[in-house]
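Visitor: Hey, dropping run_34.txt in here, compact mmCIF, C-alpha atoms:
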# COMPACT_ATOMS: atom_id res chain seq x y z
CA MET A 659 80.12 -14.62 70.31
CA VAL A 660 77.28 -13.33 72.48
CA GLU A 661 76.51 -15.40 75.56
CA VAL A 662 72.82 -16.19 75.61
CA GLY A 663 71.51 -17.81 78.77
CA PRO A 664 67.94 -18.67 79.79
CA GLU A 665 67.24 -15.13 81.11
CA VAL A 666 68.24 -13.53 77.82
CA LEU A 667 66.21 -16.06 75.83
CA ARG A 668 63.24 -15.44 78.14
CA SER A 669 63.45 -11.71 77.45
CA TYR A 670 62.89 -12.42 73.74
CA ILE A 671 59.71 -14.39 74.36
CA ARG A 672 56.64 -12.17 74.16
CA ASP A 673 53.73 -12.99 76.47
CA ILE A 674 50.32 -12.41 74.91
CA PRO A 675 47.48 -12.62 77.45
CA ASP A 676 44.13 -14.18 76.51
CA TYR A 677 45.36 -15.69 73.24
CA PRO A 678 44.03 -17.79 71.59
CA VAL A 679 41.34 -17.92 74.32
CA LYS A 680 40.67 -16.01 77.54
CA GLY A 681 42.86 -17.08 80.45
CA VAL A 682 45.66 -18.52 78.30
CA ILE A 683 48.99 -16.71 77.93
CA PHE A 684 50.45 -17.31 74.47
CA ARG A 685 54.25 -17.40 74.33
CA ASP A 686 55.34 -15.75 71.12
CA LEU A 687 58.85 -16.72 70.00
CA THR A 688 58.99 -14.54 66.88
CA PRO A 689 61.08 -11.86 68.67
CA LEU A 690 63.64 -14.57 69.47
CA PHE A 691 63.73 -15.93 65.91
CA LYS A 692 64.31 -12.52 64.34
CA GLU A 693 67.31 -11.55 66.50
CA LYS A 694 70.26 -13.13 64.74
CA ASP A 695 72.56 -13.76 67.73
CA VAL A 696 69.75 -15.00 69.93
CA PHE A 697 68.35 -17.29 67.21
CA ARG A 698 71.79 -18.74 66.42
CA GLU A 699 72.64 -19.35 70.07
CA ALA A 700 69.27 -20.94 70.80
CA ILE A 701 69.71 -23.38 67.91
CA ARG A 702 73.31 -24.17 68.89
CA ASP A 703 72.45 -24.63 72.55
CA LEU A 704 69.56 -26.94 71.73
CA ALA A 705 71.74 -29.02 69.38
CA GLU A 706 74.48 -29.04 72.02
CA MET A 707 72.11 -30.50 74.64
CA PHE A 708 71.86 -33.62 72.49
CA SER A 709 75.47 -33.74 71.32
CA GLY A 710 76.11 -36.88 73.38
CA VAL A 711 73.22 -38.70 71.72
CA HIS A 712 73.36 -40.37 68.33
CA VAL A 713 70.80 -38.80 66.01
CA ASP A 714 70.03 -39.82 62.40
CA ILE A 715 66.95 -37.68 61.86
CA VAL A 716 65.47 -34.56 63.43
CA VAL A 717 61.68 -34.50 63.35
CA GLY A 718 59.99 -31.08 63.52
CA ILE A 719 56.32 -30.59 64.35
CA GLU A 720 54.28 -28.27 62.10
CA ALA A 721 54.62 -25.38 61.89
CA ARG A 722 56.76 -23.60 64.48
CA GLY A 723 58.69 -26.79 65.07
CA PHE A 724 60.01 -26.46 61.52
CA ILE A 725 61.61 -23.10 62.42
CA VAL A 726 63.52 -24.75 65.25
CA GLY A 727 63.91 -28.31 63.99
CA ALA A 728 65.29 -27.68 60.51
CA PRO A 729 68.22 -25.54 61.73
CA VAL A 730 68.89 -28.01 64.57
CA ALA A 731 69.11 -30.75 61.91
CA LEU A 732 71.59 -28.64 59.96
CA GLU A 733 73.61 -28.01 63.13
CA LEU A 734 73.68 -31.72 64.05
CA GLY A 735 74.37 -32.75 60.45
CA THR A 736 71.23 -34.88 60.13
CA GLY A 737 68.26 -35.01 57.80
CA PHE A 738 64.98 -33.32 58.64
CA VAL A 739 61.49 -34.84 58.67
CA PRO A 740 58.30 -32.78 58.96
CA VAL A 741 55.37 -34.10 60.97
CA ARG A 742 52.34 -32.29 59.57
CA LYS A 743 48.69 -31.46 60.10
CA PRO A 744 46.24 -33.69 58.18
CA GLY A 745 45.99 -33.24 54.43
CA LYS A 746 49.36 -31.56 53.92
CA LEU A 747 51.58 -34.49 53.01
CA PRO A 748 51.11 -35.76 49.45
CA TRP A 749 52.40 -39.33 49.61
CA ARG A 750 51.67 -42.53 51.57
CA LYS A 751 51.52 -41.72 55.26
CA ARG A 752 50.83 -42.76 58.82
CA SER A 753 48.47 -40.83 61.04
CA VAL A 754 47.87 -40.39 64.76
CA SER A 755 44.95 -38.73 66.58
CA TYR A 756 45.16 -37.17 70.03
CA GLN A 757 43.18 -35.01 72.44
CA LEU A 758 43.99 -31.38 73.18
CA GLU A 759 42.23 -28.95 75.51
CA TYR A 760 40.21 -27.58 72.59
CA GLY A 761 39.27 -30.86 70.85
CA ALA A 762 40.86 -33.65 68.84
CA GLU A 763 43.85 -33.15 66.58
CA ALA A 764 45.80 -35.37 64.22
CA LEU A 765 49.31 -35.50 62.84
CA GLU A 766 50.79 -37.26 59.83
CA VAL A 767 54.17 -38.39 58.59
CA HIS A 768 55.30 -39.98 55.32
CA GLU A 769 55.73 -43.75 55.56
CA ASP A 770 59.29 -43.60 54.24
CA ALA A 771 60.34 -40.67 56.42
CA ILE A 772 62.06 -42.83 59.01
CA SER A 773 63.65 -46.24 58.61
CA ASN A 774 63.45 -49.02 61.14
CA GLY A 775 66.03 -48.49 63.88
CA GLN A 776 66.92 -44.89 63.04
CA ASP A 777 67.69 -42.64 65.98
CA VAL A 778 65.32 -39.70 66.13
CA LEU A 779 65.34 -36.35 67.90
CA ILE A 780 61.92 -34.65 68.05
CA VAL A 781 61.98 -30.84 68.15
CA ASP A 782 59.29 -28.25 68.74
CA ASP A 783 59.33 -24.65 69.86
CA LEU A 784 57.35 -25.12 73.06
CA LEU A 785 56.33 -27.84 75.49
CA ALA A 786 52.85 -27.17 76.88
CA THR A 787 50.65 -30.11 77.89
CA GLY A 788 52.83 -32.52 75.95
CA GLY A 789 49.97 -33.93 73.86
CA THR A 790 51.47 -33.03 70.52
CA ALA A 791 54.93 -34.29 71.44
CA ARG A 792 53.49 -37.54 72.81
CA ALA A 793 51.53 -38.09 69.59
CA THR A 794 54.67 -37.45 67.56
CA ILE A 795 56.60 -40.04 69.60
CA GLY A 796 53.84 -42.50 68.70
CA LEU A 797 54.16 -41.71 64.99
CA VAL A 798 57.94 -42.09 65.04
CA GLU A 799 57.68 -45.41 66.86
CA GLN A 800 55.02 -46.66 64.39
CA LEU A 801 57.72 -46.32 61.72
CA GLY A 802 60.32 -48.14 63.81
CA GLY A 803 62.22 -45.01 64.81
CA VAL A 804 63.95 -44.89 68.19
CA VAL A 805 63.20 -41.64 70.03
CA ARG A 806 66.50 -40.51 71.58
CA GLY A 807 65.22 -37.19 72.81
CA VAL A 808 62.63 -34.44 72.65
CA GLY A 809 63.90 -30.85 72.60
CA PHE A 810 62.16 -27.50 73.03
CA ILE A 811 63.13 -23.86 73.28
CA VAL A 812 60.56 -23.28 76.04
CA GLU A 813 58.88 -25.48 78.61
CA LEU A 814 55.73 -24.28 80.37
CA ALA A 815 56.47 -26.22 83.53
CA TYR A 816 53.10 -25.39 85.13
CA LEU A 817 51.35 -27.51 82.48
CA HIS A 818 53.35 -30.63 83.47
CA GLY A 819 53.94 -31.73 79.88
CA ARG A 820 56.99 -33.71 81.00
CA GLU A 821 54.73 -36.21 82.72
CA LYS A 822 53.31 -37.25 79.34
CA LEU A 823 56.87 -37.81 78.04
CA LYS A 824 58.09 -40.05 80.87
CA GLY A 825 60.78 -42.50 79.82
CA TYR A 826 62.16 -40.13 77.20
CA ARG A 827 64.94 -37.61 77.49
CA VAL A 828 63.35 -34.15 77.47
CA GLU A 829 65.36 -30.91 77.28
CA ALA A 830 64.29 -27.28 77.11
CA LEU A 831 66.40 -24.12 77.02
CA VAL A 832 63.97 -21.98 79.04
CA ARG A 833 61.60 -23.07 81.78
CA ILE A 834 58.63 -20.88 82.66
CA ASP A 835 57.08 -21.73 86.03
CA MET B 943 81.89 -33.36 51.32
CA VAL B 944 79.46 -34.72 48.78
CA GLU B 945 79.03 -32.64 45.62
CA VAL B 946 75.35 -32.07 45.04
CA GLY B 947 74.40 -30.50 41.72
CA PRO B 948 70.96 -29.81 40.22
CA GLU B 949 70.65 -33.38 38.83
CA VAL B 950 71.26 -34.93 42.23
CA LEU B 951 68.85 -32.52 43.92
CA ARG B 952 66.26 -33.28 41.23
CA SER B 953 66.54 -36.99 41.95
CA TYR B 954 65.45 -36.32 45.55
CA ILE B 955 62.28 -34.51 44.49
CA ARG B 956 59.32 -36.88 44.28
CA ASP B 957 56.72 -36.19 41.60
CA ILE B 958 53.15 -36.94 42.66
CA PRO B 959 50.69 -36.87 39.76
CA ASP B 960 47.16 -35.46 40.21
CA TYR B 961 47.87 -33.91 43.62
CA PRO B 962 46.22 -31.86 45.05
CA VAL B 963 43.93 -31.86 41.98
CA LYS B 964 43.80 -33.78 38.70
CA GLY B 965 46.33 -32.63 36.12
CA VAL B 966 48.72 -31.04 38.63
CA ILE B 967 52.04 -32.71 39.48
CA PHE B 968 52.98 -32.05 43.10
CA ARG B 969 56.73 -31.77 43.75
CA ASP B 970 57.45 -33.39 47.11
CA LEU B 971 60.72 -32.24 48.67
CA THR B 972 60.52 -34.42 51.79
CA PRO B 973 62.98 -37.00 50.33
CA LEU B 974 65.49 -34.15 49.86
CA PHE B 975 65.02 -32.82 53.40
CA LYS B 976 65.54 -36.18 55.06
CA GLU B 977 68.86 -36.99 53.33
CA LYS B 978 71.47 -35.28 55.47
CA ASP B 979 74.11 -34.53 52.83
CA VAL B 980 71.57 -33.42 50.27
CA PHE B 981 69.69 -31.22 52.75
CA ARG B 982 72.90 -29.61 54.01
CA GLU B 983 74.24 -28.94 50.51
CA ALA B 984 70.92 -27.51 49.31
CA ILE B 985 70.84 -25.06 52.24
CA ARG B 986 74.48 -24.09 51.76
CA ASP B 987 74.13 -23.65 48.01
CA LEU B 988 71.05 -21.50 48.41
CA ALA B 989 72.77 -19.32 51.03
CA GLU B 990 75.85 -19.15 48.79
CA MET B 991 73.80 -17.80 45.87
CA PHE B 992 73.10 -14.70 47.95
CA SER B 993 76.51 -14.40 49.61
CA GLY B 994 77.28 -11.24 47.62
CA VAL B 995 74.09 -9.57 48.87
CA HIS B 996 73.68 -7.90 52.25
CA VAL B 997 70.90 -9.61 54.20
CA ASP B 998 69.60 -8.64 57.66
CA ILE B 999 66.58 -10.92 57.79
CA VAL B 1000 65.49 -14.12 56.04
CA VAL B 1001 61.73 -14.36 55.59
CA GLY B 1002 60.24 -17.85 55.21
CA ILE B 1003 56.76 -18.53 53.88
CA GLU B 1004 54.53 -20.95 55.83
CA ALA B 1005 54.97 -23.85 56.11
CA ARG B 1006 57.56 -25.51 53.83
CA GLY B 1007 59.37 -22.19 53.51
CA PHE B 1008 60.20 -22.49 57.22
CA ILE B 1009 62.09 -25.76 56.55
CA VAL B 1010 64.30 -24.01 54.00
CA GLY B 1011 64.33 -20.42 55.29
CA ALA B 1012 65.23 -21.01 58.92
CA PRO B 1013 68.43 -23.00 58.14
CA VAL B 1014 69.35 -20.49 55.40
CA ALA B 1015 69.08 -17.74 58.06
CA LEU B 1016 71.36 -19.75 60.34
CA GLU B 1017 73.82 -20.27 57.49
CA LEU B 1018 73.83 -16.54 56.56
CA GLY B 1019 73.97 -15.48 60.22
CA THR B 1020 70.71 -13.52 60.09
CA GLY B 1021 67.45 -13.53 61.99
CA PHE B 1022 64.39 -15.40 60.73
CA VAL B 1023 60.87 -14.05 60.22
CA PRO B 1024 57.87 -16.28 59.48
CA VAL B 1025 55.17 -15.08 57.08
CA ARG B 1026 52.07 -17.03 58.05
CA LYS B 1027 48.58 -18.05 57.03
CA PRO B 1028 45.78 -15.95 58.58
CA GLY B 1029 45.02 -16.42 62.26
CA LYS B 1030 48.37 -17.93 63.24
CA LEU B 1031 50.31 -14.89 64.45
CA PRO B 1032 49.28 -13.69 67.91
CA TRP B 1033 50.40 -10.02 67.92
CA ARG B 1034 49.79 -6.87 65.85
CA LYS B 1035 50.21 -7.67 62.19
CA ARG B 1036 49.95 -6.65 58.57
CA SER B 1037 48.03 -8.69 56.04
CA VAL B 1038 47.96 -9.13 52.28
CA SER B 1039 45.42 -10.94 50.08
CA TYR B 1040 46.17 -12.46 46.69
CA GLN B 1041 44.65 -14.72 44.06
CA LEU B 1042 45.72 -18.30 43.43
CA GLU B 1043 44.44 -20.81 40.91
CA TYR B 1044 42.10 -22.28 43.51
CA GLY B 1045 40.76 -19.06 45.07
CA ALA B 1046 41.91 -16.19 47.28
CA GLU B 1047 44.59 -16.56 49.93
CA ALA B 1048 46.09 -14.27 52.53
CA LEU B 1049 49.37 -13.99 54.39
CA GLU B 1050 50.33 -12.15 57.58
CA VAL B 1051 53.45 -10.86 59.27
CA HIS B 1052 54.04 -9.22 62.65
CA GLU B 1053 54.31 -5.44 62.47
CA ASP B 1054 57.65 -5.42 64.27
CA ALA B 1055 59.14 -8.30 62.26
CA ILE B 1056 61.11 -6.06 59.92
CA SER B 1057 62.44 -2.54 60.53
CA ASN B 1058 62.45 0.23 57.96
CA GLY B 1059 65.41 -0.16 55.60
CA GLN B 1060 66.34 -3.72 56.60
CA ASP B 1061 67.65 -5.93 53.79
CA VAL B 1062 65.46 -8.98 53.33
CA LEU B 1063 65.88 -12.32 51.58
CA ILE B 1064 62.61 -14.19 50.98
CA VAL B 1065 62.86 -17.99 50.89
CA ASP B 1066 60.41 -20.70 49.94
CA ASP B 1067 60.78 -24.30 48.86
CA LEU B 1068 59.25 -23.92 45.41
CA LEU B 1069 58.45 -21.23 42.85
CA ALA B 1070 55.22 -22.08 41.00
CA THR B 1071 53.04 -19.23 39.68
CA GLY B 1072 54.81 -16.71 41.90
CA GLY B 1073 51.61 -15.46 43.56
CA THR B 1074 52.68 -16.31 47.09
CA ALA B 1075 56.18 -14.87 46.65
CA ARG B 1076 54.77 -11.69 45.08
CA ALA B 1077 52.36 -11.24 47.99
CA THR B 1078 55.23 -11.74 50.44
CA ILE B 1079 57.29 -9.06 48.68
CA GLY B 1080 54.29 -6.73 49.18
CA LEU B 1081 54.15 -7.53 52.90
CA VAL B 1082 57.89 -6.97 53.39
CA GLU B 1083 57.72 -3.65 51.54
CA GLN B 1084 54.68 -2.54 53.61
CA LEU B 1085 56.99 -2.75 56.64
CA GLY B 1086 59.77 -0.79 54.90
CA GLY B 1087 61.94 -3.82 54.20
CA VAL B 1088 64.12 -3.85 51.08
CA VAL B 1089 63.82 -7.14 49.17
CA ARG B 1090 67.34 -8.09 48.09
CA GLY B 1091 66.39 -11.47 46.69
CA VAL B 1092 63.95 -14.35 46.51
CA GLY B 1093 65.37 -17.87 46.75
CA PHE B 1094 63.90 -21.30 46.10
CA ILE B 1095 65.05 -24.89 46.00
CA VAL B 1096 62.93 -25.58 42.90
CA GLU B 1097 61.51 -23.45 40.12
CA LEU B 1098 58.69 -24.81 37.95
CA ALA B 1099 59.76 -22.81 34.90
CA TYR B 1100 56.68 -23.79 32.85
CA LEU B 1101 54.48 -21.77 35.25
CA HIS B 1102 56.45 -18.56 34.53
CA GLY B 1103 56.49 -17.42 38.16
CA ARG B 1104 59.57 -15.30 37.47
CA GLU B 1105 57.46 -12.91 35.44
CA LYS B 1106 55.53 -11.95 38.58
CA LEU B 1107 58.83 -11.23 40.36
CA LYS B 1108 60.34 -8.93 37.73
CA GLY B 1109 62.73 -6.34 39.13
CA TYR B 1110 63.85 -8.68 41.93
CA ARG B 1111 66.74 -11.05 42.03
CA VAL B 1112 65.36 -14.59 41.84
CA GLU B 1113 67.47 -17.72 42.32
CA ALA B 1114 66.57 -21.41 42.34
CA LEU B 1115 68.79 -24.47 42.74
CA VAL B 1116 66.78 -26.71 40.42
CA ARG B 1117 64.77 -25.72 37.38
CA ILE B 1118 62.04 -28.05 36.10
CA ASP B 1119 60.95 -27.26 32.55
Could you take the file, read its structure, and then write that structure out as structure tokens?
Guide:
Amino acid sequence: MVEVGPEVLRSYIRDIPDYPVKGVIFRDLTPLFKEKDVFREAIRDLAEMFSGVHVDIVVGIEARGFIVGAPVALELGTGFVPVRKPGKLPWRKRSVSYQLEYGAEALEVHEDAISNGQDVLIVDDLLATGGTARATIGLVEQLGGVVRGVGFIVELAYLHGREKLKGYRVEALVRID
Amino acid sequence: MVEVGPEVLRSYIRDIPDYPVKGVIFRDLTPLFKEKDVFREAIRDLAEMFSGVHVDIVVGIEARGFIVGAPVALELGTGFVPVRKPGKLPWRKRSVSYQLEYGAEALEVHEDAISNGQDVLIVDDLLATGGTARATIGLVEQLGGVVRGVGFIVELAYLHGREKLKGYRVEALVRID
């Protein structure tokens, strides 16, 4: 087995300056996903970080959060629930709106996705300002889910997203300062 | 281990009449994804169907194809490559346009996602008319990838999507006639 620490993971994250807008550096994780040993170790390490926590359901945030969340669910032996952009889910659903730097966004989840009292781990690829993760916590709690943790591959520490997630256990494999 | 055959999988697929338009039945796989034993067995069975094939890379089609493709990649021990809707990938990319019932669509992939001669398995949740899968085959082949198979959880046999994928190995866990 290849040992994959934060420095190795960081080397598979591609920085794209001025994307999607000038002054922003986009962190592209596709090089990490396509490298089999790196992808496998990232998923295992993220699952391992929450191995002491009881989890019934892993929630992944559309769309890159599906790439990380669904395999983490498989690794933890739980079900997987997608939280999606508006208009994508076909059945009865709950919705939450939130503010981002570039305007208002919304997220949706099926009403029957989580049962009252279920333990939930929320997963996304990247923690930036924390707005999307915070909104997802709200959705999960609307359904009676208990958020046991929020996990990311990368945390952009300079955006202070953790502050929006106070009171919850937050883990990330790589921290970029 | 729970035995999960096609009938059990079928019972976790929710039919939604007249969605997204009148006369169409939408097949909602979220009940299947959230049930841990059913989700795990579906991923394992799909990976198992291609266990005799050499695969370097699993390609998943945005967005539900990520929920199936990424865990299949983990299960097969390969890397994962997302094929995405236009404007989502931040780096240099290739694009393909195709026709669907409701108008033209396009898909994109990063130029460096697949190397010349790599063996590729394409995964999506559902085979309908086959337009999206056929376009994805085109993208993979543009990059020099060799498509070794196309795998789905569900095949809507009455839409004859297989005909668009002739010459390729196509597998689905559940067939709806």
Visitor: Output, as a compact mmCIF listing (two decimals) with C-alpha atoms, keeping the file's coordinate frame, the coordinates of chain B following least-squares superposition onto chain A across all in-order C-alpha pairs.
Guide:
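selection-v8.txt, freshly written:
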# COMPACT_ATOMS: atom_id res chain seq x y z
CA MET B 943 80.11 -14.55 70.30
CA VAL B 944 77.29 -13.32 72.48
CA GLU B 945 76.53 -15.43 75.56
CA VAL B 946 72.83 -16.18 75.62
CA GLY B 947 71.51 -17.81 78.79
CA PRO B 948 67.94 -18.67 79.80
CA GLU B 949 67.26 -15.12 81.12
CA VAL B 950 68.26 -13.53 77.83
CA LEU B 951 66.23 -16.05 75.84
CA ARG B 952 63.26 -15.43 78.14
CA SER B 953 63.45 -11.71 77.45
CA TYR B 954 62.90 -12.42 73.74
CA ILE B 955 59.71 -14.38 74.36
CA ARG B 956 56.64 -12.16 74.15
CA ASP B 957 53.73 -12.99 76.45
CA ILE B 958 50.31 -12.41 74.90
CA PRO B 959 47.48 -12.61 77.43
CA ASP B 960 44.12 -14.19 76.50
CA TYR B 961 45.36 -15.69 73.23
CA PRO B 962 44.03 -17.82 71.59
CA VAL B 963 41.34 -17.94 74.32
CA LYS B 964 40.67 -16.04 77.54
CA GLY B 965 42.87 -17.07 80.45
CA VAL B 966 45.66 -18.53 78.30
CA ILE B 967 48.98 -16.70 77.91
CA PHE B 968 50.44 -17.30 74.46
CA ARG B 969 54.25 -17.40 74.33
CA ASP B 970 55.35 -15.73 71.10
CA LEU B 971 58.85 -16.71 70.01
CA THR B 972 58.98 -14.54 66.88
CA PRO B 973 61.09 -11.84 68.66
CA LEU B 974 63.64 -14.57 69.48
CA PHE B 975 63.73 -15.91 65.92
CA LYS B 976 64.31 -12.52 64.33
CA GLU B 977 67.32 -11.56 66.50
CA LYS B 978 70.28 -13.13 64.75
CA ASP B 979 72.56 -13.76 67.73
CA VAL B 980 69.75 -15.00 69.92
CA PHE B 981 68.34 -17.28 67.21
CA ARG B 982 71.77 -18.73 66.41
CA GLU B 983 72.64 -19.34 70.06
CA ALA B 984 69.26 -20.94 70.80
CA ILE B 985 69.71 -23.38 67.90
CA ARG B 986 73.29 -24.17 68.88
CA ASP B 987 72.45 -24.64 72.54
CA LEU B 988 69.56 -26.94 71.73
CA ALA B 989 71.73 -29.02 69.38
CA GLU B 990 74.48 -29.05 72.02
CA MET B 991 72.11 -30.51 74.64
CA PHE B 992 71.86 -33.63 72.49
CA SER B 993 75.48 -33.76 71.32
CA GLY B 994 76.12 -36.88 73.41
CA VAL B 995 73.22 -38.70 71.73
CA HIS B 996 73.36 -40.38 68.34
CA VAL B 997 70.79 -38.80 66.02
CA ASP B 998 70.03 -39.82 62.41
CA ILE B 999 66.95 -37.69 61.86
CA VAL B 1000 65.48 -34.55 63.43
CA VAL B 1001 61.68 -34.50 63.36
CA GLY B 1002 59.99 -31.09 63.51
CA ILE B 1003 56.33 -30.58 64.35
CA GLU B 1004 54.27 -28.27 62.10
CA ALA B 1005 54.60 -25.35 61.88
CA ARG B 1006 56.77 -23.57 64.49
CA GLY B 1007 58.68 -26.80 65.06
CA PHE B 1008 60.00 -26.45 61.50
CA ILE B 1009 61.61 -23.09 62.42
CA VAL B 1010 63.53 -24.74 65.25
CA GLY B 1011 63.92 -28.32 63.99
CA ALA B 1012 65.28 -27.68 60.52
CA PRO B 1013 68.24 -25.53 61.73
CA VAL B 1014 68.90 -28.01 64.58
CA ALA B 1015 69.13 -30.76 61.91
CA LEU B 1016 71.60 -28.63 59.96
CA GLU B 1017 73.62 -28.00 63.12
CA LEU B 1018 73.68 -31.73 64.06
CA GLY B 1019 74.38 -32.77 60.46
CA THR B 1020 71.23 -34.89 60.14
CA GLY B 1021 68.27 -35.03 57.81
CA PHE B 1022 64.97 -33.31 58.63
CA VAL B 1023 61.49 -34.84 58.65
CA PRO B 1024 58.31 -32.76 58.96
CA VAL B 1025 55.36 -34.10 60.97
CA ARG B 1026 52.34 -32.30 59.58
CA LYS B 1027 48.69 -31.45 60.10
CA PRO B 1028 46.24 -33.68 58.19
CA GLY B 1029 45.97 -33.24 54.44
CA LYS B 1030 49.35 -31.56 53.92
CA LEU B 1031 51.58 -34.50 53.00
CA PRO B 1032 51.10 -35.74 49.44
CA TRP B 1033 52.39 -39.35 49.59
CA ARG B 1034 51.66 -42.53 51.57
CA LYS B 1035 51.53 -41.72 55.25
CA ARG B 1036 50.82 -42.77 58.80
CA SER B 1037 48.47 -40.83 61.04
CA VAL B 1038 47.86 -40.41 64.75
CA SER B 1039 44.96 -38.73 66.57
CA TYR B 1040 45.16 -37.19 70.03
CA GLN B 1041 43.18 -35.01 72.42
CA LEU B 1042 43.97 -31.39 73.18
CA GLU B 1043 42.24 -28.95 75.49
CA TYR B 1044 40.21 -27.59 72.58
CA GLY B 1045 39.26 -30.87 70.86
CA ALA B 1046 40.84 -33.67 68.84
CA GLU B 1047 43.84 -33.16 66.59
CA ALA B 1048 45.79 -35.37 64.23
CA LEU B 1049 49.31 -35.48 62.84
CA GLU B 1050 50.79 -37.26 59.82
CA VAL B 1051 54.17 -38.39 58.58
CA HIS B 1052 55.30 -39.99 55.32
CA GLU B 1053 55.73 -43.75 55.55
CA ASP B 1054 59.28 -43.60 54.23
CA ALA B 1055 60.34 -40.66 56.41
CA ILE B 1056 62.07 -42.81 59.01
CA SER B 1057 63.65 -46.25 58.60
CA ASN B 1058 63.44 -49.03 61.16
CA GLY B 1059 66.02 -48.50 63.90
CA GLN B 1060 66.90 -44.90 63.03
CA ASP B 1061 67.70 -42.64 65.99
CA VAL B 1062 65.32 -39.70 66.13
CA LEU B 1063 65.33 -36.35 67.91
CA ILE B 1064 61.93 -34.64 68.04
CA VAL B 1065 61.97 -30.84 68.15
CA ASP B 1066 59.29 -28.25 68.75
CA ASP B 1067 59.33 -24.64 69.86
CA LEU B 1068 57.36 -25.11 73.06
CA LEU B 1069 56.34 -27.84 75.50
CA ALA B 1070 52.85 -27.16 76.88
CA THR B 1071 50.65 -30.11 77.90
CA GLY B 1072 52.83 -32.54 75.95
CA GLY B 1073 49.96 -33.94 73.87
CA THR B 1074 51.46 -33.02 70.52
CA ALA B 1075 54.93 -34.29 71.44
CA ARG B 1076 53.48 -37.54 72.81
CA ALA B 1077 51.52 -38.10 69.60
CA THR B 1078 54.67 -37.45 67.57
CA ILE B 1079 56.60 -40.03 69.61
CA GLY B 1080 53.81 -42.51 68.70
CA LEU B 1081 54.15 -41.70 65.00
CA VAL B 1082 57.94 -42.08 65.03
CA GLU B 1083 57.68 -45.41 66.85
CA GLN B 1084 55.01 -46.66 64.38
CA LEU B 1085 57.71 -46.32 61.70
CA GLY B 1086 60.31 -48.15 63.82
CA GLY B 1087 62.21 -45.02 64.80
CA VAL B 1088 63.94 -44.90 68.19
CA VAL B 1089 63.22 -41.63 70.03
CA ARG B 1090 66.50 -40.51 71.58
CA GLY B 1091 65.21 -37.19 72.82
CA VAL B 1092 62.63 -34.43 72.66
CA GLY B 1093 63.89 -30.85 72.60
CA PHE B 1094 62.18 -27.49 73.03
CA ILE B 1095 63.13 -23.85 73.28
CA VAL B 1096 60.57 -23.28 76.05
CA GLU B 1097 58.89 -25.48 78.62
CA LEU B 1098 55.73 -24.27 80.37
CA ALA B 1099 56.46 -26.23 83.55
CA TYR B 1100 53.09 -25.40 85.15
CA LEU B 1101 51.34 -27.52 82.47
CA HIS B 1102 53.35 -30.63 83.47
CA GLY B 1103 53.94 -31.76 79.89
CA ARG B 1104 57.00 -33.73 81.00
CA GLU B 1105 54.75 -36.22 82.73
CA LYS B 1106 53.32 -37.27 79.36
CA LEU B 1107 56.86 -37.82 78.05
CA LYS B 1108 58.11 -40.05 80.87
CA GLY B 1109 60.79 -42.52 79.82
CA TYR B 1110 62.17 -40.12 77.20
CA ARG B 1111 64.93 -37.61 77.49
CA VAL B 1112 63.36 -34.14 77.47
CA GLU B 1113 65.36 -30.91 77.28
CA ALA B 1114 64.30 -27.27 77.12
CA LEU B 1115 66.40 -24.10 77.02
CA VAL B 1116 63.98 -21.97 79.04
CA ARG B 1117 61.62 -23.07 81.77
CA ILE B 1118 58.63 -20.88 82.66
CA ASP B 1119 57.10 -21.73 86.02
Visitor: State, in Å with one decimal place, the distance from CA of Ile683 (chain A) to CA of Val828 (chain A).
Guide: 22.6 Å
Visitor: If you count all atoms listed in the file, which residues fall within 7 Å of His818 (chain A), apart from same-chain ones fewer than 3 positions away, as a ChimeraX atom specification?
Guide: /A:787,815,821
Visitor: Keeping only C-alpha atoms, take the residues you just selected and write them out as a PDB file, in the coordinates of the input.
Guide:
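Result file out_27.pdb:
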ATOM      1  CA  THR A 787      50.650 -30.110  77.890  1.00  0.00           C
ATOM      2  CA  ALA A 815      56.470 -26.220  83.530  1.00  0.00           C
ATOM      3  CA  GLU A 821      54.730 -36.210  82.720  1.00  0.00           C
TER       4      GLU A 821
END
Visitor: Calculate how many Å separate CA of Glu665 (chain A) from CA of Ala830 (chain A), rounding to one decimal.
Guide: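 So the two atoms, CA of Glu665 (chain A) and CA of Ala830 (chain A), lie 13.1 Å apart.
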Visitor: Counting only C-alpha atoms, figure out which residue out of A:Met707, A:Val713, A:Val662, A:Ala764 gets nearest to Ala793 (chain A).
Guide: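 The shortest atom-to-atom distance to Ala793 (chain A) comes from A:Ala764.
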Visitor: Expressed in Å to a single decimal, how great is the separation between CA of Ile795 (chain A) and CA of Asp777 (chain A)?
Guide: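 According to the coordinates, CA of Ile795 (chain A) and CA of Asp777 (chain A) are separated by 12.0 Å.
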